[in-house]
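Accompanying notes for the structure given below.
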Amino acid sequence: MKIVVIGQSQFGLEVYKCLRAEGHDVKGVFTIPDKDGKSDPLGIPTLGEAMQRTGRYRHDRGRGVTRTLAHGDEKAGFSVFWADSGLDTGPILLQKEVSVTPDDTLSSLYKRFLFPEGVKGMVEAVQLINSGDAPRIIQPEEGASYEPIMKKELAKINWDQPALAIHNWIRGNDSNPGAWTIMEGQWALKIPRCVLQRRCEASPALWKITNVCIFNRVFCIGVMIFLGLVLA
């Protein structure tokens with residue numbers, strides 16, 4: 001099958017290598033320009049008509065994994081879909097899902113599932129197209145929404161929320177762009193991880209903020225801190 005690969009980073013490179021290993025004829029490769037003198041891993045070398053989206057399947061269009069974790073969903077996954085004139089609106093070709101653990105982050109979910117299974121999913125999509133068995137499942141418009149690109153200014157933590165919501169927000173934003181807060185009215189601190197516990201016992205080692213307790217003992221790495229959140 002003749003294919004043009006459009007992608008970037010290690011994911012794009014792995015898809016390219018797998019397609020070549022399957023014997024497909026890759027006619028061209030498009031990736032991002034070199035940055036700071038370095039080539040993208042795809043470098044030399046998503047599909048011409050098939051594309052991939054992560055998130056909660058048909059409901060979250062765009063970059064859906066942050067919302068999946070921030071909402072505390074128990075399932076995550078990705079869709080490979082046919083490209084059309086809209087943004088992530090084309091018919092579904094295939095979908096994969098995985099259970100989300102309470103402490104999954106963007107990084108852990110990507111490494112454990114989205115990267116390895118995403119590569120396999122793209123190769124499987126090509127196999128289905130090549131055999132003529134690829135479905136075209138129309139996406140329902142009801143309930144569909146778009147998630148905006150998560151910029152730093154949008155990732156600020158709202159401490160007025162319940163502890164569970166804050167925990168989900170922090171793990172959903174992970175290290176990029178990274179959930180953050182203002183400490184003592186002036187210090188912007190990035191918080192890539194937190195630990196959620198089920199009860200709050202009176203202790204001088206705890207700070208009480210509305211219905212969230214934060215351990216006074218924090219582990220500092222540069223300007224990043226790890227917090228323990230306790231359900232009040």
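Going by the structure tokens order, chains are called A, B, ..., each with residues numbered from 1, while ligands are numbered from 1 in the order shown.
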Check the DSSP output for the backbone and give back, as a VMD selection string, the residues of region 73-215 of chain A in strand (DSSP E or B). chain A and resid 75 to 82 92 to 99 137 145 to 147 156 180 to 183 187 to 197 206 to 209 212 to 215
Would you mind listing, for every residue of region 76-146 of chain A within 12 Å of region 161-174 of chain A, the two atoms forming the shortest contact and the distance between them in Å to one decimal, using only C-alpha atoms, sorted by chain and ascending residue number, as CSV?
residue,atom,partner,partner_atom,distance
A:Val100,CA,A:Gly172,CA,11.6
A:Thr101,CA,A:Arg171,CA,11.1
A:Pro102,CA,A:Asn168,CA,8.4
A:Asp103,CA,A:Arg171,CA,7.3
A:Asp104,CA,A:Arg171,CA,6.9
A:Thr105,CA,A:Arg171,CA,4.7
A:Leu106,CA,A:Asp174,CA,5.8
A:Ser107,CA,A:Asp174,CA,7.0
A:Ser108,CA,A:Asp174,CA,9.5
A:Leu109,CA,A:Gly172,CA,10.2
A:Tyr110,CA,A:Asp174,CA,11.4
Two-atom distance - CA of Gly7 (chain A), CA of Pro41 (chain A) (Å):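 Straight-line distance from CA of Gly7 (chain A) to CA of Pro41 (chain A) works out to 10.0 Å.
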I want to know what sits within 9 Å of region 149-152 of chain A, based on only C-alpha atoms, with residues of the same chain fewer than 4 positions away left out; could you give that as a ChimeraX atom specification? /A:62-63,66,156,173,176-180
Report as a list in words all protein, DNA and RNA residues lying within 6 Å of region 9-22 of chain A, evaluated on only C-alpha atoms, omitting residues in the same chain fewer than 6 positions from it.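 The residues satisfying every condition are Asp40, Pro41, Leu42 and Val119 of chain A.
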Can you tell me, as a ChimeraX atom specification, what residues are no more than 6 Å from Val4 (chain A) when counting only C-alpha atoms, ignoring any on the same chain fewer than 6 positions away? /A:26-29,48
Using DSSP on the backbone, list every residue of region 14-211 of chain A that comes out as alpha helix (DSSP H), and give them as an MDAnalysis selection string. chainID A and resid 14:21 65:70 106:109 115:131 163:173
Residues of region 116-145 of chain A at most 10 Å from region 69-79 of chain A: nearest atom pair and distance in Å, only C-alpha atoms, as JSON lines:
{"residue": "A:Glu117", "atom": "CA", "partner": "A:Phe78", "partner_atom": "CA", "distance": 9.1}
{"residue": "A:Gly118", "atom": "CA", "partner": "A:Phe78", "partner_atom": "CA", "distance": 7.5}
{"residue": "A:Gly121", "atom": "CA", "partner": "A:Ser79", "partner_atom": "CA", "distance": 8.7}
{"residue": "A:Met122", "atom": "CA", "partner": "A:Ser79", "partner_atom": "CA", "distance": 9.7}
Only all heavy atoms, please: the residues just picked out, written as a PDB file, in the first residue's frame.
ATOM      1  N   GLU A 117      -0.067   1.387  22.373  1.00  0.00           N
ATOM      2  CA  GLU A 117      -1.297   0.953  21.713  1.00  0.00           C
ATOM      3  C   GLU A 117      -1.684   1.884  20.569  1.00  0.00           C
ATOM      4  O   GLU A 117      -2.339   1.470  19.615  1.00  0.00           O
ATOM      5  CB  GLU A 117      -2.438   0.874  22.734  1.00  0.00           C
ATOM      6  CG  GLU A 117      -2.240  -0.206  23.788  1.00  0.00           C
ATOM      7  CD  GLU A 117      -2.040  -1.590  23.183  1.00  0.00           C
ATOM      8  OE1 GLU A 117      -2.764  -1.938  22.217  1.00  0.00           O
ATOM      9  OE2 GLU A 117      -1.173  -2.323  23.678  1.00  0.00           O
ATOM     10  N   GLY A 118      -1.265   3.156  20.676  1.00  0.00           N
ATOM     11  CA  GLY A 118      -1.535   4.095  19.591  1.00  0.00           C
ATOM     12  C   GLY A 118      -0.779   3.723  18.327  1.00  0.00           C
ATOM     13  O   GLY A 118      -1.316   3.798  17.218  1.00  0.00           O
ATOM     14  N   GLY A 121      -2.454   0.781  16.922  1.00  0.00           N
ATOM     15  CA  GLY A 121      -3.738   1.184  16.355  1.00  0.00           C
ATOM     16  C   GLY A 121      -3.593   1.770  14.964  1.00  0.00           C
ATOM     17  O   GLY A 121      -4.407   1.505  14.067  1.00  0.00           O
ATOM     18  N   MET A 122      -2.547   2.584  14.764  1.00  0.00           N
ATOM     19  CA  MET A 122      -2.326   3.167  13.447  1.00  0.00           C
ATOM     20  C   MET A 122      -1.979   2.094  12.418  1.00  0.00           C
ATOM     21  O   MET A 122      -2.448   2.120  11.274  1.00  0.00           O
ATOM     22  CB  MET A 122      -1.208   4.213  13.517  1.00  0.00           C
ATOM     23  CG  MET A 122      -1.557   5.438  14.354  1.00  0.00           C
ATOM     24  SD  MET A 122      -3.011   6.315  13.760  1.00  0.00           S
ATOM     25  CE  MET A 122      -2.400   7.044  12.251  1.00  0.00           C
TER      26      MET A 122
END
With distances taken over only C-alpha atoms, which residue among A:Val80, A:Thr89, A:Val98, A:Ala144 lies nearest Lys120 (chain A)?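 Among the listed residues, the smallest separation from Lys120 (chain A) belongs to A:Val80.
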Length of the CA of Lys35 (chain A) to CA of Ser175 (chain A) vector [Å]: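 The value is 21.0 Å.
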From the options A:Lys2, A:Tyr146, A:Trp82, A:Asp160, which residue's atoms come nearest to Val65 (chain A), counting only C-alpha atoms?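 The shortest atom-to-atom distance to Val65 (chain A) comes from A:Tyr146.
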